[in-house]
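Listing of coords-v8.csv, CSV, C-alpha atoms
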```csv
chain,number,residue,atom,x,y,z
A,83,MET,CA,0.0,0.0,0.0
A,84,SER,CA,2.1,2.9,-1.3
A,85,LYS,CA,-0.7,5.5,-1.3
A,86,LYS,CA,-2.8,5.9,1.8
A,87,PRO,CA,-6.2,4.2,1.5
A,88,TYR,CA,-9.2,6.5,1.5
A,89,ILE,CA,-12.9,6.8,1.2
A,90,VAL,CA,-14.1,7.3,-2.4
A,91,SER,CA,-17.7,7.5,-1.4
A,92,LEU,CA,-19.7,7.4,1.9
A,93,ASN,CA,-23.1,5.8,1.4
A,94,VAL,CA,-26.1,5.4,3.6
A,95,GLY,CA,-29.8,4.5,3.3
A,96,GLN,CA,-32.8,3.4,5.2
A,97,PRO,CA,-34.5,0.0,4.7
A,98,LYS,CA,-37.3,0.0,2.1
A,99,THR,CA,-39.6,-2.6,0.7
A,100,VAL,CA,-39.1,-3.2,-3.0
A,101,VAL,CA,-40.2,-5.8,-5.6
A,102,MET,CA,-37.2,-7.8,-6.8
A,103,GLU,CA,-38.0,-10.3,-9.6
A,104,GLU,CA,-41.6,-10.5,-8.5
A,105,MET,CA,-40.6,-11.0,-4.9
A,106,GLU,CA,-41.3,-8.4,-2.2
A,107,VAL,CA,-38.2,-7.8,-0.1
A,108,THR,CA,-37.5,-5.4,2.7
A,109,THR,CA,-33.8,-4.5,2.4
A,110,GLY,CA,-31.2,-1.9,3.4
A,111,ILE,CA,-29.0,-2.7,0.4
A,112,TYR,CA,-29.9,0.5,-1.5
A,113,LYS,CA,-27.3,3.1,-0.3
A,114,GLN,CA,-26.8,6.6,-1.7
A,115,PRO,CA,-23.6,8.6,-1.6
A,116,VAL,CA,-23.6,11.6,0.7
A,117,ALA,CA,-21.2,14.6,0.5
A,118,THR,CA,-21.5,15.8,4.1
A,119,PRO,CA,-19.6,14.4,7.1
A,120,LEU,CA,-21.5,11.7,9.1
A,121,TRP,CA,-21.3,10.7,12.7
A,122,LEU,CA,-20.3,7.1,13.2
A,123,THR,CA,-21.8,5.4,16.2
A,124,LYS,CA,-20.9,2.0,17.7
A,125,THR,CA,-23.5,0.4,15.5
A,126,ASN,CA,-23.7,2.5,12.3
A,127,PHE,CA,-23.5,5.8,10.6
A,128,LEU,CA,-26.3,8.2,11.6
A,129,GLY,CA,-28.9,8.1,8.8
A,130,ASP,CA,-28.1,4.5,7.9
A,131,GLY,CA,-30.2,1.4,8.6
A,132,GLN,CA,-30.4,-2.3,8.1
A,133,ALA,CA,-33.5,-4.4,7.5
A,134,ASP,CA,-32.2,-7.8,8.6
A,135,LEU,CA,-30.5,-7.1,12.0
A,136,ILE,CA,-29.6,-10.8,12.4
A,137,HIS,CA,-27.2,-10.9,9.3
A,138,HIS,CA,-26.4,-7.1,9.0
A,139,GLY,CA,-25.4,-4.3,11.3
A,140,GLY,CA,-24.7,-4.5,15.0
A,141,LEU,CA,-21.5,-4.0,16.9
A,142,ASP,CA,-19.3,-6.4,14.8
A,143,LYS,CA,-20.8,-5.1,11.5
A,144,ALA,CA,-21.2,-1.4,12.0
A,145,ILE,CA,-19.5,-0.5,8.7
A,146,CYS,CA,-19.7,-2.5,5.5
A,147,ALA,CA,-16.7,-1.6,3.2
A,148,TYR,CA,-16.1,-2.5,-0.4
A,149,PRO,CA,-13.0,-1.8,-2.6
A,150,SER,CA,-13.7,0.3,-5.6
A,151,GLU,CA,-11.0,-1.5,-7.6
A,152,HIS,CA,-13.3,-4.5,-8.0
A,153,PHE,CA,-16.0,-2.6,-10.0
A,154,ILE,CA,-13.9,-2.9,-13.2
A,155,ALA,CA,-13.9,-6.7,-12.9
A,156,TRP,CA,-17.7,-6.7,-12.4
A,157,GLU,CA,-18.2,-4.4,-15.3
A,158,ARG,CA,-16.2,-6.6,-17.6
A,159,LEU,CA,-18.0,-9.7,-16.5
A,160,TYR,CA,-21.5,-8.4,-16.7
A,161,GLY,CA,-21.2,-5.6,-19.3
A,162,ARG,CA,-22.8,-3.0,-17.1
A,163,PRO,CA,-21.7,-0.2,-14.8
A,164,PHE,CA,-21.3,-0.7,-11.0
A,165,MET,CA,-21.4,2.5,-8.9
A,166,ALA,CA,-20.4,3.4,-5.4
A,167,GLY,CA,-22.9,1.7,-3.1
A,168,SER,CA,-23.7,-1.1,-5.6
A,169,PHE,CA,-22.8,-3.7,-3.1
A,170,GLY,CA,-24.7,-2.1,-0.2
A,171,GLU,CA,-21.5,-0.8,1.3
A,172,ASN,CA,-21.3,2.2,3.6
A,173,THR,CA,-17.7,3.0,2.5
A,174,THR,CA,-16.5,2.6,-1.0
A,175,LEU,CA,-12.7,2.4,-0.6
A,176,SER,CA,-9.6,2.9,-2.7
A,177,GLY,CA,-6.3,1.3,-1.8
A,178,LEU,CA,-7.5,-1.2,0.7
A,179,LEU,CA,-8.1,-4.7,-0.8
A,180,GLU,CA,-8.9,-8.0,0.9
A,181,GLU,CA,-5.3,-9.1,0.7
A,182,ASP,CA,-4.1,-5.9,2.3
A,183,VAL,CA,-6.4,-5.9,5.4
A,184,CYS,CA,-6.4,-8.3,8.3
A,185,VAL,CA,-8.9,-9.1,10.9
A,186,GLY,CA,-7.9,-7.1,14.0
A,187,ASP,CA,-6.4,-4.2,12.0
A,188,ILE,CA,-7.2,-0.9,13.8
A,189,PHE,CA,-7.5,2.2,11.7
A,190,GLU,CA,-8.0,5.9,12.3
A,191,VAL,CA,-10.4,7.4,9.8
A,192,GLY,CA,-11.7,11.0,10.3
A,193,THR,CA,-12.0,11.3,14.1
A,194,ALA,CA,-13.2,7.7,14.5
A,195,VAL,CA,-11.2,4.5,15.3
A,196,ILE,CA,-12.4,1.3,13.7
A,197,GLN,CA,-11.3,-2.4,13.6
A,198,VAL,CA,-11.7,-5.0,10.9
A,199,SER,CA,-13.9,-7.8,12.2
A,200,GLN,CA,-14.8,-10.2,9.4
A,201,PRO,CA,-15.3,-10.7,5.7
A,202,ARG,CA,-18.6,-9.7,4.1
A,203,GLN,CA,-20.8,-12.6,3.1
A,204,PRO,CA,-22.9,-11.9,0.0
A,205,CYS,CA,-26.6,-12.7,0.3
A,206,PHE,CA,-29.5,-13.3,-2.1
A,207,LYS,CA,-30.5,-9.6,-1.9
A,208,LEU,CA,-27.3,-8.7,-3.8
A,209,ALA,CA,-28.4,-11.0,-6.6
A,210,LYS,CA,-31.9,-9.6,-6.6
A,211,ARG,CA,-30.9,-6.0,-6.6
A,212,HIS,CA,-28.8,-6.4,-9.8
A,213,GLY,CA,-30.9,-9.2,-11.4
A,214,LEU,CA,-27.8,-11.4,-11.4
A,215,ASN,CA,-28.5,-14.7,-9.8
A,216,ASP,CA,-24.9,-15.9,-9.9
A,217,LEU,CA,-23.4,-12.7,-8.4
A,218,PRO,CA,-23.1,-13.9,-4.8
A,219,LEU,CA,-21.3,-17.1,-6.0
A,220,LYS,CA,-19.0,-15.0,-8.2
A,221,VAL,CA,-18.2,-12.8,-5.2
A,222,GLN,CA,-17.2,-15.9,-3.2
A,223,GLU,CA,-15.2,-17.4,-6.1
A,224,THR,CA,-13.2,-14.2,-6.8
A,225,GLY,CA,-12.8,-13.3,-3.1
A,226,TYR,CA,-14.0,-9.8,-3.9
A,227,THR,CA,-16.2,-9.8,-0.8
A,228,GLY,CA,-15.4,-6.6,1.0
A,229,PHE,CA,-15.3,-6.6,4.8
A,230,TYR,CA,-16.8,-5.2,8.0
A,231,PHE,CA,-15.5,-2.9,10.7
A,232,ARG,CA,-16.5,-2.5,14.3
A,233,VAL,CA,-16.2,0.9,15.9
A,234,LEU,CA,-13.8,1.3,18.8
A,235,GLN,CA,-14.2,5.1,19.0
A,236,GLU,CA,-17.1,7.1,17.7
A,237,GLY,CA,-16.4,10.1,15.5
A,238,SER,CA,-17.0,12.1,12.4
A,239,VAL,CA,-16.2,10.6,9.0
A,240,GLN,CA,-16.5,12.0,5.4
A,241,ARG,CA,-15.7,11.2,1.8
A,242,GLY,CA,-12.0,11.6,1.1
A,243,ASP,CA,-10.9,10.7,4.7
A,244,SER,CA,-7.8,8.5,4.6
A,245,PHE,CA,-7.2,5.3,6.6
A,246,THR,CA,-4.2,5.2,9.0
A,247,LEU,CA,-3.2,1.8,10.3
A,248,ILE,CA,-2.4,2.1,13.9
A,249,GLU,CA,-2.3,-1.5,15.1
A,250,ARG,CA,-2.1,-5.0,13.6
A,251,SER,CA,-2.6,-8.4,15.2
A,252,ALA,CA,0.4,-10.4,16.3
A,253,ARG,CA,-0.7,-13.2,14.0
A,254,PRO,CA,-2.5,-11.4,11.2
A,255,PHE,CA,-4.9,-13.2,8.9
A,256,SER,CA,-6.0,-11.3,5.8
A,257,ILE,CA,-9.6,-11.2,4.7
A,258,ARG,CA,-8.6,-12.9,1.5
A,259,TYR,CA,-7.0,-15.8,3.4
A,260,ILE,CA,-10.0,-16.2,5.7
A,261,ASN,CA,-12.3,-16.2,2.6
A,262,HIS,CA,-10.1,-18.9,1.1
A,263,ILE,CA,-10.3,-21.1,4.1
A,264,TYR,CA,-14.0,-20.6,4.4
A,265,TYR,CA,-15.0,-21.1,0.8
A,266,VAL,CA,-12.2,-23.3,-0.6
A,267,GLU,CA,-10.3,-25.2,2.1
A,268,LYS,CA,-13.4,-26.1,3.9
A,269,THR,CA,-11.9,-29.0,5.9
A,270,ASN,CA,-8.7,-27.3,6.9
A,271,LYS,CA,-9.2,-27.6,10.7
A,272,GLU,CA,-5.7,-26.5,11.6
A,273,ALA,CA,-6.2,-23.2,9.7
A,274,MET,CA,-9.7,-22.7,11.2
A,275,SER,CA,-8.4,-23.2,14.7
A,276,GLU,CA,-5.7,-20.6,14.1
A,277,ILE,CA,-8.3,-18.1,12.7
A,278,ILE,CA,-10.7,-18.5,15.6
A,279,ALA,CA,-7.9,-17.9,18.0
A,280,GLU,CA,-7.8,-14.3,16.7
A,281,PRO,CA,-9.7,-12.3,19.4
A,282,ALA,CA,-10.9,-9.7,17.0
A,283,LEU,CA,-12.8,-12.1,14.8
A,284,SER,CA,-16.5,-11.5,14.9
A,285,GLU,CA,-18.6,-14.0,17.0
A,286,ASP,CA,-20.7,-14.9,13.9
A,287,TRP,CA,-17.6,-16.1,12.0
A,288,ARG,CA,-16.1,-17.8,15.1
A,289,ARG,CA,-19.3,-19.8,15.5
A,290,SER,CA,-19.4,-20.7,11.8
A,291,PHE,CA,-15.9,-22.1,11.9
A,292,LEU,CA,-16.5,-23.9,15.2
A,293,LYS,CA,-19.6,-25.5,13.8
A,294,ARG,CA,-17.7,-26.7,10.7
A,295,MET,CA,-14.8,-28.1,12.8
A,296,GLU,CA,-17.3,-30.1,14.9
A,297,GLN,CA,-18.8,-31.8,11.8
```
Starting from the file, lay out its structure as structure tokens.
Amino acid sequence: MSKKPYIVSLNVGQPKTVVMEEMEVTTGIYKQPVATPLWLTKTNFLGDGQADLIHHGGLDKAICAYPSEHFIAWERLYGRPFMAGSFGENTTLSGLLEEDVCVGDIFEVGTAVIQVSQPRQPCFKLAKRHGLNDLPLKVQETGYTGFYFRVLQEGSVQRGDSFTLIERSARPFSIRYINHIYYVEKTNKEAMSEIIAEPALSEDWRRSFLKRMEQ
């Protein structure tokens, strides 16, 4: 990472009920870019909301982040444009990819302090939003998932703010590596046991790995 990572776009939106391929769905995946600074709380940006609080939002998933670099690959694959917020992300980033960032990484951004907690898992609403049924699977296969942050210190954040890494885990596991173990090396118990030993890993992913190890 030669150039400091930064926020290309800050995106928020409230849940709404829409018809997706003849199916009525309440979702918070539709985010709109905002130009003004936003206050980041422990659970989300003020003005943002999630419909499914079991799988989205909360302390471990306060911020959904997605690298803008991936949009080119999606545009080539599907022959259509992908804009900031297309993946329901709160922060569209530049210079911070899944291979660059590790669970437990602590960053200063604006006046807030945030920590990487887990990869993002694509759900069916992403497919429905774009009318691309294979998109969640392609996200898994490419590893272009994005990731989540928890908030350690509330603060003000805006478009253009840079990310300053202030702390990294003693045994760092990148988001890309964790995705690889989760989706590809599904029976690698040694790797899973090492990953769940990382205290910053979200409880959801810890439970998923533990359940898989017990099978």
field: 10 Å contact set for segment 110-115 of chain A, all atoms listed in the file, chain neighbours under 4 positions out, as a PyMOL selection string
entry: chain A and resi 90-99+130-134+138+165-174+207-208+211+241
- prompt: How would you write as an MDAnalysis selection string the residues that get within 9 Å of (-16.8, -9.2, -3.3) in the file's frame, counting all atoms listed in the file?
  reply: chainID A and resid 148:149 152 169 202:204 218 220:229
Could you list, as an mmCIF file with C-alpha atoms, in the frame of the given file, every residue within 12 Å of segment 281-290 of chain A, counting only C-alpha atoms and ignoring same-chain residues fewer than 2 positions away?
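Just written: result-v3.cif:
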```cif
data_model
loop_
_atom_site.group_PDB
_atom_site.id
_atom_site.type_symbol
_atom_site.label_atom_id
_atom_site.label_comp_id
_atom_site.auth_asym_id
_atom_site.auth_seq_id
_atom_site.Cartn_x
_atom_site.Cartn_y
_atom_site.Cartn_z
ATOM 1 C CA ILE A 136 -29.600 -10.800 12.400
ATOM 2 C CA HIS A 137 -27.200 -10.900 9.300
ATOM 3 C CA HIS A 138 -26.400 -7.100 9.000
ATOM 4 C CA GLY A 139 -25.400 -4.300 11.300
ATOM 5 C CA GLY A 140 -24.700 -4.500 15.000
ATOM 6 C CA LEU A 141 -21.500 -4.000 16.900
ATOM 7 C CA ASP A 142 -19.300 -6.400 14.800
ATOM 8 C CA LYS A 143 -20.800 -5.100 11.500
ATOM 9 C CA ALA A 144 -21.200 -1.400 12.000
ATOM 10 C CA CYS A 184 -6.400 -8.300 8.300
ATOM 11 C CA VAL A 185 -8.900 -9.100 10.900
ATOM 12 C CA GLY A 186 -7.900 -7.100 14.000
ATOM 13 C CA ASP A 187 -6.400 -4.200 12.000
ATOM 14 C CA ILE A 188 -7.200 -0.900 13.800
ATOM 15 C CA ILE A 196 -12.400 1.300 13.700
ATOM 16 C CA GLN A 197 -11.300 -2.400 13.600
ATOM 17 C CA VAL A 198 -11.700 -5.000 10.900
ATOM 18 C CA SER A 199 -13.900 -7.800 12.200
ATOM 19 C CA GLN A 200 -14.800 -10.200 9.400
ATOM 20 C CA PRO A 201 -15.300 -10.700 5.700
ATOM 21 C CA ARG A 202 -18.600 -9.700 4.100
ATOM 22 C CA GLN A 203 -20.800 -12.600 3.100
ATOM 23 C CA PHE A 229 -15.300 -6.600 4.800
ATOM 24 C CA TYR A 230 -16.800 -5.200 8.000
ATOM 25 C CA PHE A 231 -15.500 -2.900 10.700
ATOM 26 C CA ARG A 232 -16.500 -2.500 14.300
ATOM 27 C CA VAL A 233 -16.200 0.900 15.900
ATOM 28 C CA LEU A 234 -13.800 1.300 18.800
ATOM 29 C CA ARG A 250 -2.100 -5.000 13.600
ATOM 30 C CA SER A 251 -2.600 -8.400 15.200
ATOM 31 C CA ALA A 252 0.400 -10.400 16.300
ATOM 32 C CA ARG A 253 -0.700 -13.200 14.000
ATOM 33 C CA PRO A 254 -2.500 -11.400 11.200
ATOM 34 C CA PHE A 255 -4.900 -13.200 8.900
ATOM 35 C CA SER A 256 -6.000 -11.300 5.800
ATOM 36 C CA ILE A 257 -9.600 -11.200 4.700
ATOM 37 C CA ILE A 260 -10.000 -16.200 5.700
ATOM 38 C CA ASN A 261 -12.300 -16.200 2.600
ATOM 39 C CA ILE A 263 -10.300 -21.100 4.100
ATOM 40 C CA TYR A 264 -14.000 -20.600 4.400
ATOM 41 C CA TYR A 265 -15.000 -21.100 0.800
ATOM 42 C CA LYS A 268 -13.400 -26.100 3.900
ATOM 43 C CA MET A 274 -9.700 -22.700 11.200
ATOM 44 C CA SER A 275 -8.400 -23.200 14.700
ATOM 45 C CA GLU A 276 -5.700 -20.600 14.100
ATOM 46 C CA ILE A 277 -8.300 -18.100 12.700
ATOM 47 C CA ILE A 278 -10.700 -18.500 15.600
ATOM 48 C CA ALA A 279 -7.900 -17.900 18.000
ATOM 49 C CA LEU A 292 -16.500 -23.900 15.200
ATOM 50 C CA LYS A 293 -19.600 -25.500 13.800
ATOM 51 C CA ARG A 294 -17.700 -26.700 10.700
ATOM 52 C CA MET A 295 -14.800 -28.100 12.800
ATOM 53 C CA GLU A 296 -17.300 -30.100 14.900
ATOM 54 C CA GLN A 297 -18.800 -31.800 11.800
#
```
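Between Gly237 of chain A and the residues A:Ser150, A:Ala194, A:Ala155, A:Glu106, the shortest atom-to-atom distance, using only C-alpha atoms, involves A:Ala194.
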message: I'd like the interatomic distance between atom CA of Ala209 of chain A and atom CA of Glu104 of chain A, to a tenth of an Å.
response: 13.3 Å
field: Contact residues around Val191 of chain A with all atoms listed in the file at 10 Å, ignoring same-chain residues under 2 positions, as a PyMOL selection string
entry: chain A and resi 87-89+188-189+193-196+237-240+242-247
task: Have a look at A:Met105, A:Lys210, A:Ile145, A:Leu159 and name the one nearest to Lys124 of chain A; count all atoms listed in the file.
output: A:Ile145
query: What is the atom CA of Lys85 of chain A-atom CA of Leu178 of chain A distance in Å, reported with one decimal?
result: 9.8 Å
message: Which residue is closest to Ser176 of chain A? Choose from A:Thr118, A:Phe153, A:Pro163, A:Val266 and count all atoms listed in the file.
response: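 Between A:Thr118, A:Phe153, A:Pro163, A:Val266, the residue approaching Ser176 of chain A most closely is A:Phe153.
What separates atom CA of Thr109 of chain A from atom CA of His212 of chain A is a distance of 13.3 Å.
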